[in-house]
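Q: Here you go, run34.cif (mmCIF, C-alpha atoms, pLDDT in the B column; chains and numbers go by the auth columns):
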data_work
loop_
_atom_site.group_PDB
_atom_site.id
_atom_site.type_symbol
_atom_site.label_atom_id
_atom_site.label_comp_id
_atom_site.label_asym_id
_atom_site.label_seq_id
_atom_site.Cartn_x
_atom_site.Cartn_y
_atom_site.Cartn_z
_atom_site.B_iso_or_equiv
_atom_site.auth_seq_id
_atom_site.auth_asym_id
ATOM 1 C CA MET A 1 158.826 -40.663 102.298 54.00 1 A
ATOM 2 C CA ARG A 2 161.518 -43.221 103.058 49.00 2 A
ATOM 3 C CA VAL A 3 161.465 -46.298 105.234 49.00 3 A
ATOM 4 C CA SER A 4 164.437 -46.531 107.545 45.00 4 A
ATOM 5 C CA SER A 5 165.685 -48.699 110.340 42.00 5 A
ATOM 6 C CA ARG A 6 167.640 -45.740 111.745 40.00 6 A
ATOM 7 C CA LYS A 7 166.737 -43.779 114.841 42.00 7 A
ATOM 8 C CA GLU A 8 163.189 -42.329 114.752 43.00 8 A
ATOM 9 C CA GLY A 9 162.738 -39.056 112.890 46.00 9 A
ATOM 10 C CA VAL A 10 166.286 -38.840 111.516 39.00 10 A
ATOM 11 C CA LYS A 11 166.599 -37.512 107.981 44.00 11 A
ATOM 12 C CA ASP A 12 169.530 -38.148 105.655 40.00 12 A
ATOM 13 C CA LYS A 13 169.172 -34.843 103.798 46.00 13 A
ATOM 14 C CA PRO A 14 166.983 -31.766 104.241 48.00 14 A
ATOM 15 C CA GLY A 15 163.827 -32.027 102.149 58.00 15 A
ATOM 16 C CA ASP A 16 163.702 -35.832 102.173 66.00 16 A
ATOM 17 C CA GLY A 17 160.522 -35.754 104.255 73.00 17 A
ATOM 18 C CA PRO A 18 159.916 -37.720 107.409 80.00 18 A
ATOM 19 C CA VAL A 19 161.769 -40.978 107.928 84.00 19 A
ATOM 20 C CA LEU A 20 159.381 -43.825 108.433 92.00 20 A
ATOM 21 C CA THR A 21 160.439 -46.793 110.500 95.00 21 A
ATOM 22 C CA ARG A 22 158.970 -50.149 109.502 95.00 22 A
ATOM 23 C CA GLN A 23 156.424 -49.741 112.295 97.00 23 A
ATOM 24 C CA ARG A 24 155.368 -46.252 111.185 97.00 24 A
ATOM 25 C CA LYS A 25 155.090 -47.444 107.597 96.00 25 A
ATOM 26 C CA ALA A 26 152.871 -50.344 108.709 97.00 26 A
ATOM 27 C CA VAL A 27 150.629 -47.946 110.660 98.00 27 A
ATOM 28 C CA LEU A 28 150.464 -45.505 107.732 97.00 28 A
ATOM 29 C CA ASP A 29 149.606 -48.350 105.355 97.00 29 A
ATOM 30 C CA VAL A 30 146.676 -49.352 107.585 97.00 30 A
ATOM 31 C CA VAL A 31 145.267 -45.808 107.684 97.00 31 A
ATOM 32 C CA ARG A 32 145.698 -45.395 103.926 96.00 32 A
ATOM 33 C CA ALA A 33 144.266 -48.844 103.091 95.00 33 A
ATOM 34 C CA GLY A 34 140.637 -47.784 103.186 83.00 34 A
ATOM 35 C CA ASP A 35 138.223 -44.962 103.794 83.00 35 A
ATOM 36 C CA THR A 36 137.043 -46.204 107.179 87.00 36 A
ATOM 37 C CA HIS A 37 138.714 -43.640 109.494 93.00 37 A
ATOM 38 C CA PRO A 38 140.017 -46.276 111.947 95.00 38 A
ATOM 39 C CA THR A 39 140.556 -45.767 115.673 95.00 39 A
ATOM 40 C CA ALA A 40 143.988 -46.432 117.201 96.00 40 A
ATOM 41 C CA ALA A 41 142.679 -49.800 118.427 96.00 41 A
ATOM 42 C CA GLU A 42 141.534 -50.723 114.903 96.00 42 A
ATOM 43 C CA VAL A 43 144.901 -49.627 113.465 97.00 43 A
ATOM 44 C CA PHE A 44 146.641 -51.781 116.088 98.00 44 A
ATOM 45 C CA GLU A 45 144.583 -54.864 115.214 97.00 45 A
ATOM 46 C CA ALA A 46 145.196 -54.416 111.480 97.00 46 A
ATOM 47 C CA ALA A 47 148.920 -53.642 111.887 97.00 47 A
ATOM 48 C CA ARG A 48 149.399 -56.801 113.980 97.00 48 A
ATOM 49 C CA LYS A 49 148.374 -58.872 110.959 96.00 49 A
ATOM 50 C CA THR A 50 151.495 -57.768 109.069 95.00 50 A
ATOM 51 C CA MET A 51 153.717 -57.068 112.094 96.00 51 A
ATOM 52 C CA PRO A 52 152.697 -59.408 114.944 96.00 52 A
ATOM 53 C CA GLY A 53 155.204 -57.978 117.446 95.00 53 A
ATOM 54 C CA ILE A 54 154.002 -54.372 117.196 97.00 54 A
ATOM 55 C CA SER A 55 152.745 -52.933 120.494 97.00 55 A
ATOM 56 C CA PHE A 56 149.779 -50.654 121.082 97.00 56 A
ATOM 57 C CA ALA A 57 152.157 -47.971 122.406 97.00 57 A
ATOM 58 C CA THR A 58 154.147 -48.111 119.165 97.00 58 A
ATOM 59 C CA VAL A 59 150.960 -47.759 117.119 98.00 59 A
ATOM 60 C CA TYR A 60 149.761 -44.851 119.254 97.00 60 A
ATOM 61 C CA ASN A 61 153.143 -43.079 119.081 97.00 61 A
ATOM 62 C CA SER A 62 153.358 -43.744 115.344 97.00 62 A
ATOM 63 C CA LEU A 63 149.927 -42.192 114.812 98.00 63 A
ATOM 64 C CA ARG A 64 151.051 -39.116 116.762 97.00 64 A
ATOM 65 C CA PHE A 65 154.237 -38.880 114.657 97.00 65 A
ATOM 66 C CA LEU A 66 152.321 -39.329 111.383 97.00 66 A
ATOM 67 C CA LYS A 67 149.810 -36.654 112.428 96.00 67 A
ATOM 68 C CA GLU A 68 152.575 -34.196 113.328 96.00 68 A
ATOM 69 C CA ALA A 69 154.324 -34.976 110.022 96.00 69 A
ATOM 70 C CA GLY A 70 151.094 -34.164 108.154 94.00 70 A
ATOM 71 C CA LEU A 71 150.708 -37.677 106.751 96.00 71 A
ATOM 72 C CA VAL A 72 147.410 -38.450 108.507 96.00 72 A
ATOM 73 C CA ARG A 73 144.759 -36.354 110.179 94.00 73 A
ATOM 74 C CA GLU A 74 143.285 -37.006 113.607 93.00 74 A
ATOM 75 C CA VAL A 75 139.523 -36.586 113.767 90.00 75 A
ATOM 76 C CA ALA A 76 138.181 -36.233 117.304 86.00 76 A
ATOM 77 C CA PHE A 77 134.498 -36.302 118.209 75.00 77 A
ATOM 78 C CA GLY A 78 133.699 -35.363 121.782 71.00 78 A
ATOM 79 C CA ASN A 79 134.502 -38.100 124.271 71.00 79 A
ATOM 80 C CA GLY A 80 134.749 -40.860 121.680 77.00 80 A
ATOM 81 C CA ALA A 81 137.992 -42.370 120.445 85.00 81 A
ATOM 82 C CA SER A 82 139.860 -40.325 117.868 91.00 82 A
ATOM 83 C CA ARG A 83 139.713 -41.628 114.325 94.00 83 A
ATOM 84 C CA TYR A 84 142.496 -41.303 111.752 96.00 84 A
ATOM 85 C CA ASP A 85 141.970 -40.006 108.237 95.00 85 A
ATOM 86 C CA ARG A 86 144.182 -40.593 105.214 95.00 86 A
ATOM 87 C CA GLU A 87 142.881 -37.347 103.680 93.00 87 A
ATOM 88 C CA THR A 88 144.849 -34.442 105.136 91.00 88 A
ATOM 89 C CA GLU A 89 143.389 -31.656 103.000 89.00 89 A
ATOM 90 C CA ARG A 90 140.509 -29.617 104.452 84.00 90 A
ATOM 91 C CA HIS A 91 137.215 -31.466 104.169 88.00 91 A
ATOM 92 C CA ASP A 92 134.170 -32.185 106.258 88.00 92 A
ATOM 93 C CA HIS A 93 132.682 -35.282 107.867 90.00 93 A
ATOM 94 C CA ALA A 94 129.310 -36.851 108.497 92.00 94 A
ATOM 95 C CA ILE A 95 129.048 -39.315 111.373 91.00 95 A
ATOM 96 C CA CYS A 96 126.188 -41.681 112.075 92.00 96 A
ATOM 97 C CA SER A 97 124.848 -41.297 115.602 90.00 97 A
ATOM 98 C CA ALA A 98 123.659 -44.911 115.591 92.00 98 A
ATOM 99 C CA CYS A 99 126.460 -47.013 114.089 90.00 99 A
ATOM 100 C CA GLY A 100 129.409 -44.599 114.047 87.00 100 A
ATOM 101 C CA THR A 101 129.984 -44.704 110.294 89.00 101 A
ATOM 102 C CA LEU A 102 132.147 -41.739 109.316 90.00 102 A
ATOM 103 C CA VAL A 103 132.291 -40.394 105.757 91.00 103 A
ATOM 104 C CA ASP A 104 134.090 -37.512 104.077 91.00 104 A
ATOM 105 C CA PHE A 105 132.293 -34.874 102.045 90.00 105 A
ATOM 106 C CA ASP A 106 132.890 -31.415 100.622 86.00 106 A
ATOM 107 C CA LEU A 107 130.198 -28.822 100.993 83.00 107 A
ATOM 108 C CA PRO A 108 130.085 -26.197 98.241 81.00 108 A
ATOM 109 C CA GLY A 109 130.303 -22.750 99.746 81.00 109 A
ATOM 110 C CA THR A 110 132.404 -23.766 102.745 80.00 110 A
ATOM 111 C CA VAL A 111 134.923 -20.986 102.069 79.00 111 A
ATOM 112 C CA GLY A 112 132.134 -18.381 102.236 85.00 112 A
ATOM 113 C CA LEU A 113 130.829 -19.989 105.414 84.00 113 A
ATOM 114 C CA ILE A 114 134.299 -19.787 106.982 83.00 114 A
ATOM 115 C CA ARG A 115 134.559 -16.106 106.104 85.00 115 A
ATOM 116 C CA SER A 116 131.082 -15.387 107.525 89.00 116 A
ATOM 117 C CA ALA A 117 131.877 -17.250 110.736 87.00 117 A
ATOM 118 C CA ALA A 118 135.167 -15.376 111.096 89.00 118 A
ATOM 119 C CA ARG A 119 133.423 -12.020 110.625 92.00 119 A
ATOM 120 C CA ALA A 120 130.630 -12.882 113.072 94.00 120 A
ATOM 121 C CA SER A 121 133.037 -14.139 115.755 94.00 121 A
ATOM 122 C CA ARG A 122 135.782 -11.613 114.992 93.00 122 A
ATOM 123 C CA PHE A 123 138.222 -14.526 115.077 92.00 123 A
ATOM 124 C CA LYS A 124 140.913 -15.063 112.468 87.00 124 A
ATOM 125 C CA ALA A 125 139.991 -18.543 111.303 82.00 125 A
ATOM 126 C CA GLU A 126 142.865 -21.032 111.343 79.00 126 A
ATOM 127 C CA SER A 127 140.724 -24.026 110.546 76.00 127 A
ATOM 128 C CA VAL A 128 137.077 -24.942 110.299 77.00 128 A
ATOM 129 C CA HIS A 129 135.768 -28.483 110.280 78.00 129 A
ATOM 130 C CA LEU A 130 132.101 -29.143 109.730 82.00 130 A
ATOM 131 C CA THR A 131 130.719 -32.336 111.246 86.00 131 A
ATOM 132 C CA LEU A 132 127.238 -33.458 110.324 89.00 132 A
ATOM 133 C CA VAL A 133 125.781 -35.808 112.939 91.00 133 A
ATOM 134 C CA GLY A 134 122.763 -37.884 111.998 94.00 134 A
ATOM 135 C CA LEU A 135 121.678 -41.243 110.666 96.00 135 A
ATOM 136 C CA CYS A 136 123.457 -42.861 107.744 94.00 136 A
ATOM 137 C CA PRO A 137 121.301 -44.330 104.947 94.00 137 A
ATOM 138 C CA GLY A 138 121.629 -47.877 106.334 93.00 138 A
ATOM 139 C CA CYS A 139 120.484 -46.942 109.852 95.00 139 A
ATOM 140 C CA ARG A 140 117.771 -44.638 108.517 91.00 140 A
ATOM 141 C CA ASP A 141 116.356 -47.488 106.419 91.00 141 A
ATOM 142 C CA ARG A 142 116.209 -49.763 109.493 89.00 142 A
ATOM 143 C CA GLU A 143 113.972 -47.353 111.396 79.00 143 A
#
Would you mind writing the structure in this file as structure tokens?

A:
Amino acid sequence: MRVSSRKEGVKDKPGDGPVLTRQRKAVLDVVRAGDTHPTAAEVFEAARKTMPGISFATVYNSLRFLKEAGLVREVAFGNGASRYDRETERHDHAICSACGTLVDFDLPGTVGLIRSAARASRFKAESVHLTLVGLCPGCRDRE
């Protein structure tokens, strides 16, 4: 990936990968900085620390570009704000119903589960994402 000040999405040569403007690079750096799965608002607040003039619209559009380029993954949960994940490979999530903590995990046997679900539904599976909803250890201990 290259950082460029040229027009958005322009590549110098085929195969170079997506061109990242300074703003897109700042947004990508925020998402990749931790394992917190930030919302667009959280990305905006963090990006403003290194780029004070960045607008929320620029952050939002940059997240959309980065998602379409395969550099981040959008994780949506019902009516809540989407979260952004630095891990783009297939994996699953657990979300705390009390505090909203979101963690990644891999469940052994997921491939078999996908095949069983595809057979039972007669759908050709394009993607399957398991989301475990419950209480994280911290919230469970407070009960």

Q: Once the PyMOL selection byres ((chain A and resi 45-51) around 10) is applied to the coordinates I shared, what remains selected? I want it as a compact mmCIF listing (two decimals) with C-alpha atoms, in the coordinates of the input.

A:
# COMPACT_ATOMS: atom_id res chain seq x y z
CA ARG A 22 158.97 -50.15 109.50
CA GLN A 23 156.42 -49.74 112.30
CA ARG A 24 155.37 -46.25 111.18
CA LYS A 25 155.09 -47.44 107.60
CA ALA A 26 152.87 -50.34 108.71
CA VAL A 27 150.63 -47.95 110.66
CA LEU A 28 150.46 -45.50 107.73
CA ASP A 29 149.61 -48.35 105.36
CA VAL A 30 146.68 -49.35 107.58
CA VAL A 31 145.27 -45.81 107.68
CA PRO A 38 140.02 -46.28 111.95
CA THR A 39 140.56 -45.77 115.67
CA ALA A 40 143.99 -46.43 117.20
CA ALA A 41 142.68 -49.80 118.43
CA GLU A 42 141.53 -50.72 114.90
CA VAL A 43 144.90 -49.63 113.46
CA PHE A 44 146.64 -51.78 116.09
CA PRO A 52 152.70 -59.41 114.94
CA GLY A 53 155.20 -57.98 117.45
CA ILE A 54 154.00 -54.37 117.20
CA SER A 55 152.74 -52.93 120.49
CA PHE A 56 149.78 -50.65 121.08
CA VAL A 59 150.96 -47.76 117.12

Q: With the PyMOL selection byres ((chain A and resi 131-141) around 8) as the selection, what would be picked from this file? Answer as an MDAnalysis selection string, please.

A: chainID A and resid 92:99 101 129:130 142:143

Q: Determine the residue membership of the PyMOL selection byres ((chain A and resi 89) around 12) for the file above and supply it as an MDAnalysis selection string.

A: chainID A and resid 70:74 85:88 90:92 104:106 127:129

Q: Measure the distance from atom CA of A:His37 to atom CA of A:Tyr84 in Å and round it to one decimal.

A: 5.0 Å

Q: Rounded to one decimal place, report the atom CA of A:Leu113-atom CA of A:Lys67 distance in Å.

A: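 Atom-to-atom, atom CA of A:Leu113 to atom CA of A:Lys67, that is 26.2 Å.
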
Q: Record the distance separating atom CA of A:Ala76 and atom CA of A:Arg119, expressed in Å with one decimal.

A: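 About the pair atom CA of A:Ala76 and atom CA of A:Arg119: they are 25.6 Å apart.
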
Q: Counting all atoms listed in the file, which residue out of A:Ser121, A:Ala33, A:Thr21, A:Gly80 sits closest to A:Asn61?

A: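 Counting all atoms listed in the file, the residue closest to A:Asn61 is A:Thr21.
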
Q: Between A:Ala117, A:Leu63, A:Val111, A:Ala57, which one has atoms that come closest to A:Leu20, using all atoms listed in the file?

A: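 Smallest separation from A:Leu20 among the options: A:Leu63.
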
Q: Between A:Val19, A:Ile114, A:Ala125, A:Ala120, single out the one closest to A:Ser62, counting all atoms listed in the file.

A: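 Once distances to A:Ser62 are computed over all atoms listed in the file, the minimum belongs to A:Val19.
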
Q: Report the centre and edge lengths, in Å to one decimal, of an axis-aligned box enclosing every atom of stretch 91-108 of chain A listed in the file, padded by 4 Å on each side, as JSON.

A:
{"center_x": 130.4, "center_y": -36.6, "center_z": 106.9, "size_x": 21.6, "size_y": 28.8, "size_z": 25.4}

Q: Considering all atoms listed in the file, can you say which of A:Phe77, A:Pro18, A:Arg122, A:Tyr60 comes closest to A:Gly100?

A: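 Of all the options, A:Phe77 lies closest to A:Gly100.
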
Q: From the set A:Arg83, A:Arg64, A:Arg32, A:Lys124, which residue has the shortest atom-to-atom contact distance to A:Leu102, counting only C-alpha atoms?

A: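 Closest candidate: A:Arg83.
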
Q: Only C-alpha atoms, as a short mmCIF file (atom, residue, chain, number, x, y, z; two decimals), in the first residue's frame: that is what I want for stretch 100-141 of chain A.

A:
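This is the output file part-v7.cif:
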data_model
loop_
_atom_site.label_atom_id
_atom_site.label_comp_id
_atom_site.auth_asym_id
_atom_site.auth_seq_id
_atom_site.Cartn_x
_atom_site.Cartn_y
_atom_site.Cartn_z
CA GLY A 100 -20.15 -3.79 24.46
CA THR A 101 -16.68 -5.34 24.60
CA LEU A 102 -16.03 -7.13 21.32
CA VAL A 103 -13.39 -9.86 20.97
CA ASP A 104 -12.25 -12.09 18.13
CA PHE A 105 -12.12 -15.87 18.41
CA ASP A 106 -11.86 -18.92 16.19
CA LEU A 107 -14.12 -21.85 16.88
CA PRO A 108 -12.72 -25.24 15.90
CA GLY A 109 -15.11 -26.99 13.57
CA THR A 110 -16.50 -23.83 11.99
CA VAL A 111 -15.90 -25.18 8.47
CA GLY A 112 -18.02 -28.26 9.26
CA LEU A 113 -20.69 -26.02 10.76
CA ILE A 114 -20.75 -23.90 7.59
CA ARG A 115 -21.16 -27.00 5.44
CA SER A 116 -23.98 -28.32 7.67
CA ALA A 117 -25.77 -24.97 7.59
CA ALA A 118 -25.44 -24.79 3.81
CA ARG A 119 -26.87 -28.30 3.42
CA ALA A 120 -29.76 -27.63 5.82
CA SER A 121 -30.68 -24.31 4.17
CA ARG A 122 -29.82 -25.42 0.63
CA PHE A 123 -27.94 -22.14 0.26
CA LYS A 124 -24.48 -21.88 -1.25
CA ALA A 125 -22.65 -20.24 1.63
CA GLU A 126 -20.71 -17.11 0.67
CA SER A 127 -19.83 -16.17 4.21
CA VAL A 128 -20.72 -17.17 7.74
CA HIS A 129 -20.00 -15.08 10.79
CA LEU A 130 -20.73 -16.43 14.23
CA THR A 131 -21.47 -13.86 16.93
CA LEU A 132 -21.65 -14.97 20.53
CA VAL A 133 -23.64 -12.52 22.65
CA GLY A 134 -23.30 -12.72 26.41
CA LEU A 135 -21.43 -11.32 29.38
CA CYS A 136 -17.68 -10.80 29.26
CA PRO A 137 -15.63 -12.01 32.25
CA GLY A 138 -15.47 -8.51 33.77
CA CYS A 139 -19.24 -7.95 33.66
CA ARG A 140 -19.95 -11.51 34.78
CA ASP A 141 -17.73 -11.02 37.83
#
